[in-house]
file query-v1.txt (compact mmCIF, C-alpha atoms)
# COMPACT_ATOMS: atom_id res chain seq x y z
CA MET J 29 37.15 63.25 54.94
CA THR J 30 40.66 64.27 55.89
CA THR J 31 43.41 61.78 56.00
CA GLU J 32 47.17 61.75 55.88
CA THR J 33 48.71 60.61 52.65
CA HIS J 34 52.21 59.23 52.40
CA GLU J 35 52.81 58.45 48.74
CA SER J 36 52.34 61.44 46.47
CA GLY J 37 48.68 60.75 46.00
CA VAL J 38 47.08 60.72 42.60
CA HIS J 39 47.69 57.64 40.53
CA THR J 40 45.58 56.37 37.69
CA ASN J 41 44.48 52.81 37.73
CA PRO J 42 43.67 50.60 34.76
CA SER J 43 40.44 49.67 36.53
CA ASP J 44 39.32 53.33 36.50
CA TRP J 45 37.42 52.97 33.24
CA LEU J 46 35.49 50.11 34.80
CA TRP J 47 34.15 52.54 37.37
CA TYR J 48 33.11 55.08 34.74
CA ALA J 49 31.48 52.40 32.59
CA GLY J 50 29.78 50.87 35.64
CA VAL J 51 28.32 54.19 36.78
CA MET J 52 27.10 54.92 33.23
CA ALA J 53 25.48 51.50 32.92
CA ALA J 54 23.84 51.86 36.34
CA ALA J 55 22.49 55.29 35.39
CA VAL J 56 20.97 53.92 32.16
CA ALA J 57 19.45 50.93 33.97
CA TRP J 58 18.09 53.29 36.64
CA TRP J 59 16.48 55.51 34.01
CA LEU J 60 14.86 52.62 32.10
CA LEU J 61 13.51 51.04 35.26
CA TYR J 62 12.19 54.33 36.63
CA GLY J 63 10.24 54.90 33.42
CA GLN J 64 8.54 51.50 33.67
CA LEU J 65 7.37 51.72 37.28
CA ILE J 66 3.65 52.06 36.52
CA PRO J 67 3.31 49.01 34.21
CA ILE J 68 5.51 46.92 36.51
CA SER J 69 3.58 47.81 39.68
CA GLU J 70 0.18 47.42 37.99
CA TRP J 71 1.21 44.00 36.72
CA ALA J 72 2.41 42.98 40.20
CA THR J 73 -0.84 44.26 41.75
CA SER J 74 -2.91 42.21 39.29
CA LEU J 75 -1.31 39.07 40.70
CA PHE J 76 -3.22 39.59 43.94
CA PRO J 77 -6.71 38.09 44.02
CA VAL J 78 -8.41 41.36 44.99
CA ASP J 79 -10.36 43.95 43.08
CA ARG J 80 -7.96 46.68 41.90
CA HIS J 81 -10.41 49.39 42.96
CA SER J 82 -11.25 48.01 46.39
CA HIS J 83 -9.61 49.50 49.50
CA THR J 84 -7.17 46.63 49.68
CA GLY J 85 -6.40 46.81 45.96
CA GLU J 86 -5.63 50.55 46.21
CA ALA J 87 -3.38 49.99 49.21
CA ILE J 88 -1.48 47.16 47.50
CA ALA J 89 -1.04 49.21 44.32
CA PHE J 90 0.28 52.16 46.34
CA PHE J 91 2.75 49.94 48.16
CA LEU J 92 4.01 48.12 45.09
CA TYR J 93 4.45 51.35 43.16
CA ASP J 94 6.11 53.31 45.96
CA VAL J 95 8.60 50.72 47.20
CA PRO J 96 10.63 50.45 43.97
CA LYS J 97 10.17 54.15 43.26
CA VAL J 98 11.43 55.31 46.66
CA LEU J 99 14.31 52.83 46.66
CA LEU J 100 15.37 53.93 43.17
CA LEU J 101 15.14 57.61 44.08
CA LEU J 102 16.96 57.03 47.35
CA THR J 103 19.80 55.17 45.63
CA GLY J 104 20.20 57.87 42.99
CA ILE J 105 20.05 60.77 45.44
CA VAL J 106 22.42 59.20 47.96
CA PHE J 107 24.94 58.40 45.24
CA VAL J 108 24.93 61.88 43.70
CA THR J 109 24.98 63.53 47.13
CA GLY J 110 27.83 61.29 48.29
CA VAL J 111 29.92 62.27 45.26
CA LEU J 112 29.14 66.00 45.62
CA ARG J 113 29.81 66.01 49.35
CA SER J 114 33.25 64.50 48.84
CA TRP J 115 34.35 68.06 48.03
CA PHE J 116 33.31 69.17 51.51
CA SER J 117 34.35 68.17 55.04
CA PRO J 118 33.51 69.34 58.56
CA GLU J 119 37.09 70.64 58.85
CA LYS J 120 36.80 72.79 55.73
CA THR J 121 33.37 74.03 56.80
CA ARG J 122 34.72 75.00 60.19
CA ALA J 123 37.54 76.97 58.57
CA ILE J 124 35.00 78.82 56.40
CA LEU J 125 32.65 79.60 59.29
CA ALA J 126 35.23 80.46 61.96
CA GLY J 127 34.81 84.03 63.03
CA LYS J 128 31.76 84.70 60.84
CA ARG J 129 29.86 86.93 63.21
CA GLN J 130 28.12 88.92 60.49
CA VAL J 131 24.51 88.29 59.66
CA TRP J 132 25.28 86.35 56.48
CA GLY J 133 27.15 83.78 58.57
CA TYR J 134 23.73 82.24 59.27
CA PRO J 135 22.54 81.50 55.71
CA LEU J 136 26.10 80.43 54.86
CA ALA J 137 26.05 77.99 57.77
CA ALA J 138 22.67 76.67 56.68
CA LEU J 139 23.97 76.14 53.14
CA LEU J 140 27.08 74.36 54.41
CA GLY J 141 24.88 72.30 56.71
CA VAL J 142 23.27 70.84 53.61
CA LEU J 143 26.56 70.25 51.78
CA THR J 144 28.82 68.97 54.57
CA PRO J 145 28.86 65.23 55.16
CA PHE J 146 28.30 64.32 58.79
CA CYS J 147 26.39 61.61 60.55
CA SER J 148 24.33 62.29 63.64
CA CYS J 149 26.62 59.98 65.63
CA SER J 150 29.39 62.59 65.36
CA SER J 151 27.23 65.63 66.03
CA VAL J 152 28.69 66.09 69.53
CA PRO J 153 32.37 66.23 68.49
CA LEU J 154 31.30 68.42 65.58
CA PHE J 155 29.38 70.77 67.86
CA ILE J 156 32.37 71.11 70.19
CA GLY J 157 34.76 71.48 67.28
CA PHE J 158 32.69 74.37 65.94
CA VAL J 159 32.10 76.17 69.21
CA SER J 160 35.70 75.83 70.36
CA ALA J 161 36.94 77.26 67.05
CA GLY J 162 35.03 80.44 67.83
CA ILE J 163 32.03 79.82 65.58
CA PRO J 164 29.11 81.61 67.29
CA LEU J 165 26.52 79.34 68.88
CA GLY J 166 23.71 80.65 66.67
CA VAL J 167 25.68 79.97 63.48
CA THR J 168 26.42 76.45 64.73
CA PHE J 169 22.69 75.93 65.30
CA SER J 170 21.86 77.11 61.78
CA PHE J 171 24.30 74.48 60.52
CA LEU J 172 22.87 71.71 62.69
CA ILE J 173 19.22 72.51 61.86
CA ALA J 174 19.73 72.79 58.11
CA GLY J 175 21.58 69.48 57.83
CA PRO J 176 18.62 67.18 58.44
CA MET J 177 15.86 69.70 57.66
CA VAL J 178 16.77 70.43 54.04
CA GLY J 179 18.68 67.25 53.32
CA PRO J 180 18.88 66.17 49.67
CA VAL J 181 17.11 62.86 50.40
CA GLY J 182 14.02 64.64 51.70
CA LEU J 183 13.97 67.18 48.87
CA GLY J 184 14.58 64.60 46.16
CA LEU J 185 11.85 62.28 47.41
CA LEU J 186 9.43 65.16 47.81
CA TYR J 187 10.19 66.15 44.23
CA GLY J 188 9.70 62.60 42.96
CA LEU J 189 6.62 61.66 45.00
CA VAL J 190 4.71 64.91 45.52
CA GLY J 191 5.91 67.33 42.84
CA TRP J 192 8.31 70.21 42.32
CA GLU J 193 6.02 72.94 43.66
CA ILE J 194 5.85 71.51 47.15
CA ALA J 195 9.52 70.48 47.07
CA THR J 196 10.43 74.11 46.30
CA ILE J 197 8.18 75.47 49.06
CA TYR J 198 9.77 73.03 51.48
CA LEU J 199 13.29 74.02 50.40
CA VAL J 200 12.63 77.75 50.77
CA PHE J 201 10.89 77.50 54.12
CA GLY J 202 13.19 74.85 55.60
CA PHE J 203 16.19 76.95 54.70
CA THR J 204 14.58 80.09 56.10
CA ILE J 205 13.69 78.39 59.39
CA ALA J 206 17.28 77.11 59.80
CA THR J 207 18.68 80.58 59.13
CA VAL J 208 16.23 82.56 61.25
CA ALA J 209 16.16 80.08 64.16
CA GLY J 210 19.98 80.17 64.30
CA PHE J 211 19.90 83.96 64.23
CA VAL J 212 17.30 84.18 67.01
CA LEU J 213 19.16 81.64 69.15
CA GLY J 214 22.40 83.55 68.54
CA ARG J 215 20.77 86.79 69.71
CA MET J 216 19.62 85.21 72.96
CA GLY J 217 23.16 84.91 74.35
CA LEU J 218 22.84 81.29 75.28
CA GLU J 219 26.53 80.48 75.73
CA ARG J 220 26.01 80.34 79.50
CA HIS J 221 23.58 77.44 79.06
CA LEU J 222 26.16 75.12 77.60
CA GLN J 223 27.31 72.31 79.85
CA ASP J 224 30.11 73.60 82.09
CA TRP J 225 32.87 71.51 80.61
CA VAL J 226 32.09 72.74 77.10
CA ARG J 227 32.44 76.35 78.16
CA GLU J 228 35.76 75.65 79.82
CA LEU J 229 37.04 73.95 76.74
CA ASN J 230 38.61 77.02 75.19
CA ALA J 231 39.65 76.61 71.58
CA GLY J 232 40.31 72.90 71.61
CA PRO J 233 43.26 71.76 69.56
CA VAL J 234 42.56 71.75 65.88
CA GLY J 235 43.52 68.59 64.06
CA ASP J 236 45.52 69.93 61.12
CA LEU J 237 45.34 67.02 58.76
CA PRO J 238 46.32 67.71 55.19
CA GLU J 239 43.39 67.72 52.86
CA GLU J 240 43.02 64.48 51.02
CA ARG J 241 43.57 64.53 47.29
CA LEU J 242 40.86 62.46 45.70
CA THR J 243 40.55 61.26 42.16
CA MET J 244 37.18 61.22 40.43
CA VAL J 245 37.06 57.46 40.90
CA ASP J 246 37.67 57.91 44.64
CA ARG J 247 34.65 60.20 44.71
CA LEU J 248 32.51 57.70 42.80
CA ARG J 249 33.64 55.04 45.22
CA ILE J 250 32.58 57.25 48.16
CA GLY J 251 29.16 57.65 46.50
CA ALA J 252 28.76 53.90 46.06
CA GLU J 253 29.88 53.30 49.64
CA GLN J 254 27.27 55.79 50.87
CA VAL J 255 24.55 53.98 48.93
CA ARG J 256 25.53 50.67 50.49
CA GLU J 257 25.62 52.17 53.97
CA ILE J 258 22.58 54.45 53.92
CA VAL J 259 20.19 52.35 51.84
CA GLY J 260 21.27 49.34 53.91
CA LYS J 261 20.30 51.26 57.05
CA VAL J 262 17.08 53.03 56.10
CA TRP J 263 15.28 50.49 53.91
CA ILE J 264 13.28 49.21 56.86
CA TRP J 265 12.05 52.75 57.65
CA VAL J 266 11.14 53.13 54.01
CA LEU J 267 9.03 49.98 54.06
CA ILE J 268 7.29 51.00 57.29
CA GLY J 269 6.63 54.51 55.96
CA ILE J 270 5.23 53.21 52.68
CA GLY J 271 3.14 50.65 54.58
CA ILE J 272 1.54 53.44 56.62
CA GLY J 273 1.14 55.55 53.48
CA ALA J 274 -0.54 52.62 51.71
CA ALA J 275 -2.95 52.08 54.61
CA ILE J 276 -3.90 55.77 54.57
CA HIS J 277 -4.25 55.74 50.80
CA GLY J 278 -6.43 52.65 50.77
CA TYR J 279 -8.55 52.86 53.89
CA VAL J 280 -8.79 56.34 55.40
CA PRO J 281 -11.94 58.10 54.17
CA GLU J 282 -11.44 61.58 52.79
CA GLU J 283 -14.05 63.23 55.06
CA MET J 284 -12.20 61.99 58.11
CA MET J 285 -8.88 63.31 56.79
CA LEU J 286 -10.45 66.70 56.10
CA ARG J 287 -11.84 66.85 59.61
CA ILE J 288 -8.54 65.98 61.31
CA MET J 289 -5.94 67.47 59.00
CA GLY J 290 -7.97 69.95 56.98
CA GLY J 291 -7.16 73.65 56.92
CA GLU J 292 -10.26 74.52 58.96
CA ALA J 293 -9.07 72.90 62.17
CA TRP J 294 -6.57 75.46 63.53
CA TRP J 295 -5.33 73.06 66.20
CA SER J 296 -4.21 70.56 63.58
CA VAL J 297 -0.91 72.44 63.03
CA PRO J 298 0.33 72.39 66.66
CA ALA J 299 -0.97 68.82 66.97
CA ALA J 300 1.03 67.80 63.89
CA VAL J 301 4.20 69.38 65.32
CA ALA J 302 3.72 67.76 68.74
CA LEU J 303 3.10 64.41 67.11
CA GLY J 304 6.21 64.76 64.95
CA ILE J 305 8.77 65.35 67.72
CA PRO J 306 8.77 61.90 69.35
CA MET J 307 8.41 60.20 65.97
CA TYR J 308 11.80 59.04 64.93
CA THR J 309 12.25 58.21 61.33
CA ASN J 310 14.05 59.89 58.50
CA ALA J 311 13.01 61.75 55.39
CA ALA J 312 12.83 58.55 53.36
CA GLY J 313 10.32 57.07 55.80
CA VAL J 314 8.09 60.10 56.27
CA ILE J 315 7.63 61.32 52.71
CA PRO J 316 5.54 58.35 51.51
CA ILE J 317 3.21 59.17 54.43
CA VAL J 318 3.15 62.82 53.36
CA GLU J 319 2.32 61.74 49.81
CA ALA J 320 -0.67 59.73 51.05
CA LEU J 321 -1.86 62.51 53.40
CA LEU J 322 -1.81 65.15 50.68
CA GLY J 323 -3.52 62.77 48.26
CA LYS J 324 -6.39 62.42 50.73
CA GLY J 325 -6.85 66.14 51.03
CA ALA J 326 -4.86 66.97 54.15
CA ALA J 327 -4.03 70.69 54.30
CA LEU J 328 -0.59 71.60 52.95
CA GLY J 329 0.38 73.68 56.00
CA THR J 330 -0.50 70.94 58.46
CA THR J 331 1.33 68.33 56.41
CA LEU J 332 4.43 70.51 55.98
CA ALA J 333 4.48 71.15 59.74
CA PHE J 334 4.25 67.43 60.44
CA MET J 335 7.05 66.58 58.03
CA MET J 336 9.38 69.32 59.26
CA SER J 337 8.78 68.37 62.87
CA VAL J 338 9.51 64.69 62.24
CA ILE J 339 12.69 65.41 60.31
CA ALA J 340 14.16 68.41 62.13
CA LEU J 341 13.17 67.81 65.75
CA SER J 342 13.96 64.32 66.90
CA LEU J 343 14.15 63.08 70.45
CA PRO J 344 17.20 60.80 69.98
CA GLU J 345 19.14 63.71 68.51
CA MET J 346 18.24 65.79 71.58
CA ILE J 347 19.47 63.04 73.85
CA ILE J 348 22.80 63.03 72.04
CA LEU J 349 23.03 66.81 72.33
CA LYS J 350 22.25 66.61 76.05
CA GLN J 351 25.96 65.87 76.49
CA VAL J 352 26.83 69.42 75.49
CA LEU J 353 23.65 71.43 76.04
CA THR J 354 21.74 71.92 79.25
CA LEU J 355 18.07 70.91 79.31
CA ARG J 356 17.13 74.55 79.37
CA LEU J 357 19.05 75.21 76.16
CA ILE J 358 17.53 72.16 74.50
CA ALA J 359 14.06 73.40 75.48
CA ILE J 360 14.77 76.85 74.02
CA PHE J 361 16.15 75.23 70.88
CA ILE J 362 13.01 73.12 70.42
CA ALA J 363 10.77 76.09 71.15
CA VAL J 364 12.45 78.33 68.57
CA VAL J 365 12.54 75.71 65.80
CA ALA J 366 8.97 74.61 66.58
CA SER J 367 7.78 78.24 66.34
CA GLY J 368 9.27 78.50 62.87
CA ILE J 369 7.54 75.28 61.84
CA LEU J 370 4.22 76.42 63.34
CA ALA J 371 4.46 79.74 61.50
CA THR J 372 5.08 77.90 58.21
CA GLY J 373 2.14 75.58 58.85
CA PHE J 374 -0.29 78.38 59.70
CA LEU J 375 0.89 80.49 56.79
CA PHE J 376 0.14 77.79 54.22
CA ASN J 377 -3.17 76.79 55.76
CA PHE J 378 -4.14 80.47 55.70
CA LEU J 379 -2.97 81.12 52.13
CA LEU J 380 -4.50 78.04 50.51
CA MET F 18 54.82 48.42 69.64
CA LYS F 19 52.46 51.10 68.42
CA THR F 20 49.61 52.70 70.24
CA VAL F 21 46.58 53.27 68.05
CA LYS F 22 43.54 55.18 69.17
CA VAL F 23 40.20 54.89 67.42
CA TYR F 24 37.97 57.89 68.09
CA GLY F 25 34.23 57.39 67.78
CA PRO F 26 31.10 57.07 69.89
CA GLY F 27 30.71 53.39 69.08
CA CYS F 28 28.95 53.44 65.75
CA LYS F 29 29.34 50.58 63.33
CA ARG F 30 32.03 52.28 61.29
CA CYS F 31 34.15 52.80 64.41
CA GLU F 32 34.08 49.08 65.09
CA THR F 33 34.95 48.33 61.48
CA THR F 34 37.86 50.73 61.72
CA GLU F 35 39.15 48.99 64.82
CA ALA F 36 38.94 45.62 63.06
CA MET F 37 40.78 47.06 60.06
CA VAL F 38 43.60 48.29 62.32
CA ARG F 39 43.98 44.86 63.91
CA ASP F 40 43.92 43.15 60.50
CA ALA F 41 46.52 45.47 59.04
CA ALA F 42 48.78 45.06 62.06
CA ALA F 43 48.49 41.27 61.86
CA ARG F 44 49.34 41.35 58.15
CA LEU F 45 52.39 43.51 58.78
CA GLY F 46 53.42 41.57 61.85
CA ILE F 47 53.39 44.71 63.99
CA GLU F 48 52.33 44.67 67.58
CA VAL F 49 49.66 47.23 68.30
CA GLU F 50 47.72 48.33 71.28
CA VAL F 51 44.32 49.58 70.18
CA GLU F 52 42.38 51.90 72.42
CA LYS F 53 38.83 52.94 71.66
CA VAL F 54 37.99 56.47 72.68
CA THR F 55 34.21 56.78 72.94
CA ASP F 56 33.76 59.74 75.26
CA ALA F 57 32.59 62.82 73.33
CA ARG F 58 34.77 65.13 75.35
CA SER F 59 37.96 63.17 74.72
CA ILE F 60 37.11 62.87 71.03
CA ALA F 61 36.70 66.62 70.79
CA MET F 62 39.87 67.28 72.80
CA ALA F 63 41.84 65.21 70.30
CA GLY F 64 40.71 67.56 67.54
CA VAL F 65 38.48 64.99 65.88
CA MET F 66 35.27 66.41 64.42
CA SER F 67 34.17 63.65 62.12
CA THR F 68 34.31 60.09 63.31
CA PRO F 69 35.84 57.59 63.17
CA GLY F 70 39.16 59.28 63.79
CA LEU F 71 42.49 57.52 64.08
CA SER F 72 45.77 58.38 65.76
CA VAL F 73 49.01 56.41 65.74
CA ASP F 74 51.45 57.01 68.59
CA GLY F 75 49.67 60.19 69.54
CA LYS F 76 49.60 61.64 66.03
CA LEU F 77 46.21 62.16 64.38
CA VAL F 78 46.29 60.60 60.92
CA HIS F 79 42.68 60.31 59.84
CA ALA F 80 39.20 61.68 60.54
CA GLY F 81 35.85 60.89 58.95
CA GLY F 82 34.83 57.66 57.30
CA LEU F 83 36.65 54.38 56.98
CA PRO F 84 40.38 54.74 56.39
CA ASP F 85 41.93 53.41 53.19
CA ALA F 86 43.43 49.96 53.85
CA GLY F 87 46.64 50.77 51.95
CA LYS F 88 47.18 54.02 53.83
CA LEU F 89 46.46 52.32 57.11
CA GLU F 90 49.39 49.98 56.52
CA GLY F 91 51.49 53.02 55.66
CA TRP F 92 50.71 54.72 59.00
CA LEU F 93 51.30 51.57 61.00
CA SER F 94 54.65 50.77 59.39
CA ALA F 95 55.91 54.35 59.35

call {"tool": "encode", "arguments": {"input": "query-v1.txt", "output": "structure tokens"}}
result
Amino acid sequence: MTTETHESGVHTNPSDWLWYAGVMAAAVAWWLLYGQLIPISEWATSLFPVDRHSHTGEAIAFFLYDVPKVLLLLTGIVFVTGVLRSWFSPEKTRAILAGKRQVWGYPLAALLGVLTPFCSCSSVPLFIGFVSAGIPLGVTFSFLIAGPMVGPVGLGLLYGLVGWEIATIYLVFGFTIATVAGFVLGRMGLERHLQDWVRELNAGPVGDLPEERLTMVDRLRIGAEQVREIVGKVWIWVLIGIGIGAAIHGYVPEEMMLRIMGGEAWWSVPAAVALGIPMYTNAAGVIPIVEALLGKGAALGTTLAFMMSVIALSLPEMIILKQVLTLRLIAIFIAVVASGILATGFLFNFLL
Amino acid sequence: MKTVKVYGPGCKRCETTEAMVRDAAARLGIEVEVEKVTDARSIAMAGVMSTPGLSVDGKLVHAGGLPDAGKLEGWLSA
């Protein structure tokens, strides 16, 4: 965030300690609750008049365990991320990336894509701001792919629900795809496929707002505000995702899962990618489904491909970008990112 | 009479920002004309990369996230 400040900024408030104490207390409560999830969810499941080991019982247990777990994880991750990201802004990122035509501009852009706060509703102004400041198109794409693809919410939930091994694999490959896809797109010389008015917009004026001086409490407040906003927005997707996950966990027979999403069926990877593109949800909604799929024996490569496709390639995002990119460029963009996802999927199905 | 522009594609925070501007102006007893700029091209031309952005009498004062209520009064009464 950049904002103009009149009074000479930093002032300490007597209510500051309340914020520190409040955050501490919330962290302790979070920790205690997180440790008791199994007994709590088992107790809640036992209230239902169904056999715990029936299909329905399994599904209910999955749901009642995952809902508090995902919401707790989501709250914690969004808060910590909100605080950390308060040190970054699109303006600062643009200044860092401007003129980075060297190869390492791509991984740097991908890294900043993860750290810079921006919502998809401002991706068009951000895109134009980057391109008009002379940031190469490929570097801008690396930034835009990495943002959603390796977002902290997805990684944190993957870590909490599926385990650190798969979270690490996802991080490494997601980051690599963002970097390499940006590089490939940059090499293709696609500037001529921008919408006409974007090309004509040479070096748009740069808003030179002074950087805001934030106190630690300001940063904590930003974190809390993010929790209110993001959890308030995505909880419904979380419930839907966990509902689907619970249905898979309870009712889908393992042999069927192996036949459709097993490593033997080569076509399952492209099918998973194709299925993922029109699906619009976010990381918090898709990872409970991933958890259930992997638990039922779906192949890792196929599942990774599905998850990456859902998170990184979304139709609504493409429609927003249509304002600045021609259809042809959007198609190339999808093709390049999808190839990276396909390669990851095939690689893991082949290795494991 | 001040002219305030709120830059943003029409997300919820942009609407909140607009309401905050009107509230602050009413509290201060200042007359304001609020214009919402929703067109991506115009937003970009104004140098706004993160929305909502805010300008007062043609000068950009804020970009990204909800503005601080205290500072908002400062910009409006300046």

call {"tool": "atom_distance", "arguments": {"input": "query-v1.txt", "atom1": "atom CA of J:Pro153", "atom2": "atom CA of J:Leu165"}}
result
14.4 Å

call {"tool": "closest_atom_pairs", "arguments": {"input": "query-v1.txt", "of": "chain F", "to": "chain J", "cutoff": "8 Å", "atoms": "all atoms listed in the file", "output": "JSON lines"}}
result
{"residue": "F:Gly25", "atom": "CA", "partner": "J:Ser150", "partner_atom": "CA", "distance": 7.5}
{"residue": "F:Pro26", "atom": "CA", "partner": "J:Cys149", "partner_atom": "CA", "distance": 6.8}
{"residue": "F:Cys28", "atom": "CA", "partner": "J:Cys149", "partner_atom": "CA", "distance": 6.9}
{"residue": "F:Ala57", "atom": "CA", "partner": "J:Pro153", "partner_atom": "CA", "distance": 5.9}
{"residue": "F:Arg58", "atom": "CA", "partner": "J:Pro153", "partner_atom": "CA", "distance": 7.4}
{"residue": "F:Ile60", "atom": "CA", "partner": "J:Pro153", "partner_atom": "CA", "distance": 6.3}
{"residue": "F:Ala61", "atom": "CA", "partner": "J:Pro153", "partner_atom": "CA", "distance": 4.9}
{"residue": "F:Met62", "atom": "CA", "partner": "J:Gly232", "partner_atom": "CA", "distance": 5.8}
{"residue": "F:Ala63", "atom": "CA", "partner": "J:Pro233", "partner_atom": "CA", "distance": 6.7}
{"residue": "F:Gly64", "atom": "CA", "partner": "J:Gly235", "partner_atom": "CA", "distance": 4.6}
{"residue": "F:Val65", "atom": "CA", "partner": "J:Gly235", "partner_atom": "CA", "distance": 6.5}
{"residue": "F:Met66", "atom": "CA", "partner": "J:Leu154", "partner_atom": "CA", "distance": 4.6}
{"residue": "F:Ser67", "atom": "CA", "partner": "J:Ser150", "partner_atom": "CA", "distance": 5.9}
{"residue": "F:Thr68", "atom": "CA", "partner": "J:Ser150", "partner_atom": "CA", "distance": 5.9}
{"residue": "F:Leu77", "atom": "CA", "partner": "J:Gly235", "partner_atom": "CA", "distance": 7.0}
{"residue": "F:Val78", "atom": "CA", "partner": "J:Glu32", "partner_atom": "CA", "distance": 5.2}
{"residue": "F:His79", "atom": "CA", "partner": "J:Thr31", "partner_atom": "CA", "distance": 4.2}
{"residue": "F:Ala80", "atom": "CA", "partner": "J:Thr30", "partner_atom": "CA", "distance": 5.5}
{"residue": "F:Gly81", "atom": "CA", "partner": "J:Met29", "partner_atom": "CA", "distance": 4.8}
{"residue": "F:Gly82", "atom": "CA", "partner": "J:Met29", "partner_atom": "CA", "distance": 6.5}
{"residue": "F:Pro84", "atom": "CA", "partner": "J:Thr31", "partner_atom": "CA", "distance": 7.7}
{"residue": "F:Lys88", "atom": "CA", "partner": "J:Thr33", "partner_atom": "CA", "distance": 6.9}
{"residue": "F:Gly91", "atom": "CA", "partner": "J:His34", "partner_atom": "CA", "distance": 7.1}

call {"tool": "residues_around", "arguments": {"input": "query-v1.txt", "residues": "J:Ile66", "least_positions_apart": "6", "cutoff": "10 Å", "atoms": "all atoms listed in the file", "output": "list of chain:residue names"}}
result
J:Ala72, J:Ala89, J:Leu92, J:Tyr93, J:Asp94, J:Lys97

call {"tool": "write_last_selection", "arguments": {"input": "query-v1.txt", "atoms": "C-alpha atoms", "output": "PDB file, in the frame of the given file"}}
result
ATOM      1  CA  ALA J  72       2.410  42.980  40.200  1.00  0.00           C
ATOM      2  CA  ALA J  89      -1.040  49.210  44.320  1.00  0.00           C
ATOM      3  CA  LEU J  92       4.010  48.120  45.090  1.00  0.00           C
ATOM      4  CA  TYR J  93       4.450  51.350  43.160  1.00  0.00           C
ATOM      5  CA  ASP J  94       6.110  53.310  45.960  1.00  0.00           C
ATOM      6  CA  LYS J  97      10.170  54.150  43.260  1.00  0.00           C
TER       7      LYS J  97
END

call {"tool": "atom_distance", "arguments": {"input": "query-v1.txt", "atom1": "atom CA of J:Ile264", "atom2": "atom CA of J:Leu185"}}
result
16.2 Å

call {"tool": "atom_distance", "arguments": {"input": "query-v1.txt", "atom1": "atom CA of J:Thr168", "atom2": "atom CA of F:Tyr24"}}
result
22.1 Å

call {"tool": "residues_around", "arguments": {"input": "query-v1.txt", "residues": "F:Ile47", "least_positions_apart": "2", "cutoff": "8 Å", "atoms": "only C-alpha atoms", "output": "MDAnalysis selection string"}}
result
chainID F and resid 18:19 42:45 49 93:94

call {"tool": "write_last_selection", "arguments": {"input": "query-v1.txt", "atoms": "C-alpha atoms", "output": "compact mmCIF listing (two decimals), keeping the file's coordinate frame"}}
result
# COMPACT_ATOMS: atom_id res chain seq x y z
CA MET F 18 54.82 48.42 69.64
CA LYS F 19 52.46 51.10 68.42
CA ALA F 42 48.78 45.06 62.06
CA ALA F 43 48.49 41.27 61.86
CA ARG F 44 49.34 41.35 58.15
CA LEU F 45 52.39 43.51 58.78
CA VAL F 49 49.66 47.23 68.30
CA LEU F 93 51.30 51.57 61.00
CA SER F 94 54.65 50.77 59.39

call {"tool": "closest_residue", "arguments": {"input": "query-v1.txt", "among": "J:Leu136, J:Val51, J:Val190, J:Val159", "to": "J:Leu222", "atoms": "all atoms listed in the file"}}
result
J:Val159

call {"tool": "residues_around", "arguments": {"input": "query-v1.txt", "residues": "J:Glu345", "least_positions_apart": "2", "cutoff": "12 Å", "atoms": "all atoms listed in the file", "output": "MDAnalysis selection string"}}
result
chainID J and resid 147:152 172:173 176 305:310 338:343 347:353 358 362
